[in-house]
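First comes the structure, then the notes that go with it.
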Amino acid sequence: LPLTGLDRIESVVYFLGLAIATVYVGGRQETIDDPERVTKKSALSAPIGASISIGLLYVLIKAGLDPTALYAIAVTLFGVLAVSDVGVPILRNVLPESFAEAEVEVPEKLAKAIKLAPPTLPVDGLATLALGAALSAAYWAPVAMSQKFLVSNAIAWAIAMTSLGAISLGSFQTAAILLAGLFCYDIFWVFGTDVMMTVATKVEAPVKFLYASPPSAEPKPYPFSVLGLGDVVIPGLFVRFMARMDEALQPQVFSYFTAATAAYALGLTACFAVNEITHAGQPALLYLDPACIGSALAVGAANGQLGEVWNFEEEGLTEGGE
């Protein structure tokens with residue numbers, strides 16, 4: 001994939017490749033700890049909470065108070081941990097086993113202070129933590145964002161992957177509620193107001209994927225094409241949930257995971273196509289959420305498992321949001 005070109009087609013290919021790969025790999029990644037389960041109650045309240053958050057940021061911006069610094073500090077600190085969390089399994093798959101087993105002794109006083117037992121830390125964990133810190137330091141370097149947007153994208157990618165592994169939609173009905181609510185949320189804030197576009201372009205933090213816009217005769221108010229992290233994580237959680245459904249229902253005709261991944265790719269492509277035709281910002285969930293839900297129902301019907309799909313629940317997870 002191109003990384004530094006400025007042509008419009010390159011930015012579309014970059015976003016499509018990055019988003020689809022993240023959704024696919026996130027859906028296949030294995031995690032040690034059980035993810036937290038989203039409840040129907042929290043799914044119903046998600047659009048309200050998201051609206052309050054984005055509305056607050058908008059009010060601060062309009063009041064002349066720039067929340068970017070505090071917001072970006074919080075995100076990059078989380079990004080350090082996310083890079084470490086994602087990086088450890090990558091290192092363990094590409095480096096010798098001896099590296100994964102290596103540990104560093106922690107001074108006794110420090111170990112007691114942080115209640116570390118045994119008083120050792122894994123080398124691979126420290127290495128990826130250092131990488132996360134280095135990326136965050138590079139993000140805060142006093143250079144133009146156009147020179148470091150790939151660093152921002154790397155942190156955003158790690159946050160997306162960590163989120164996909166830490167959360168489960170729990171049941172198909174919960175997934176449908178969450179995606180339907182955020183479908184309406186995205187449409188309203190993009191088409192009904194200038195809130196989404198204002199926050200997306202005024203608040204600079206690694207919670208979105210960026211790509212430098214092609215040069216034009218007239219300077220643009222925001223020199224990047226943008227794909228929000230929520231446009232990857234929210235459908236990505238559904239695609240990952242479809243992988244669990246494949247394991248439980250063992251479909252004989254079509255894979256739910258494969259169909260959902262393809263639906264995500266088609267939905268995102270349609271979003272970019274409409275954006276190119278209209279030259280107006282698009283609520284990506286307008287295209288992605290119906291595509292994902294529709295793919296599951298269509299494949300369920302093809303597999304003769306429509307009832308099982310609608311009533312499917314993932315077992316053995318802790319519930320959050322209650």
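How things are named: the first chain in the structure tokens is A, the next is B, and so on; residues count from 1 in each chain; ligands count from 1 in the order shown.
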Next on the checklist: If you run DSSP on the backbone here, which positions in range 195-309 of chain A get helix (DSSP H, G or I)? Please write them as a ChimeraX atom specification.
Outcome noted: /A:195-202,230-249,256-278,285-302,306-309
Item to check | Close residues, Ile61 in chain A itself excluded, 12 Å, only C-alpha atoms, min 4 positions apart in chain, as a PyMOL selection string | outcome: chain A and resi 54-57+65-68+195+198-203
Any chance you could export the current selection's C-alpha atoms as a JSON list (two decimals), in the first residue's frame?
[["chain", "number", "residue", "atom", "x", "y", "z"],
["A", 54, "ILE", "CA", -19.03, 15.16, 20.91],
["A", 55, "GLY", "CA", -21.43, 17.94, 21.90],
["A", 56, "LEU", "CA", -19.21, 18.93, 24.81],
["A", 57, "LEU", "CA", -16.14, 19.08, 22.57],
["A", 65, "LEU", "CA", -11.44, 26.76, 24.48],
["A", 66, "ASP", "CA", -9.28, 24.28, 22.59],
["A", 67, "PRO", "CA", -9.56, 20.82, 24.23],
["A", 68, "THR", "CA", -7.05, 19.28, 21.83],
["A", 195, "VAL", "CA", -20.75, 19.23, 14.88],
["A", 198, "THR", "CA", -16.01, 20.60, 13.29],
["A", 199, "VAL", "CA", -14.82, 18.19, 15.98],
["A", 200, "ALA", "CA", -13.15, 15.86, 13.45],
["A", 201, "THR", "CA", -11.10, 18.68, 11.94],
["A", 202, "LYS", "CA", -10.48, 20.89, 14.98],
["A", 203, "VAL", "CA", -9.60, 18.30, 17.63]]
Checklist entry - Out of A:Glu105, A:Glu97, A:Asp186, A:Glu204, which residue has the shortest atom-to-atom distance to Ala144 in chain A when counting only C-alpha atoms? => result A:Glu204
Next on the checklist: Need to verify the contact set: Thr76 in chain A, 10 Å, only C-alpha atoms, exclusion of same-chain residues closer than 2 positions in sequence. Can you return it as a list in words?
Outcome noted: Tyr71, Ala72, Ile73, Ala74, Phe78, Gly79, Val80, Leu81, Ala82, Gly132, Ala133, Leu135, Ser136, Ala137, Tyr139, Trp140, Ser152, Ile155, Ala156, Ile159, Ala205, Pro206 and Val207 of chain A
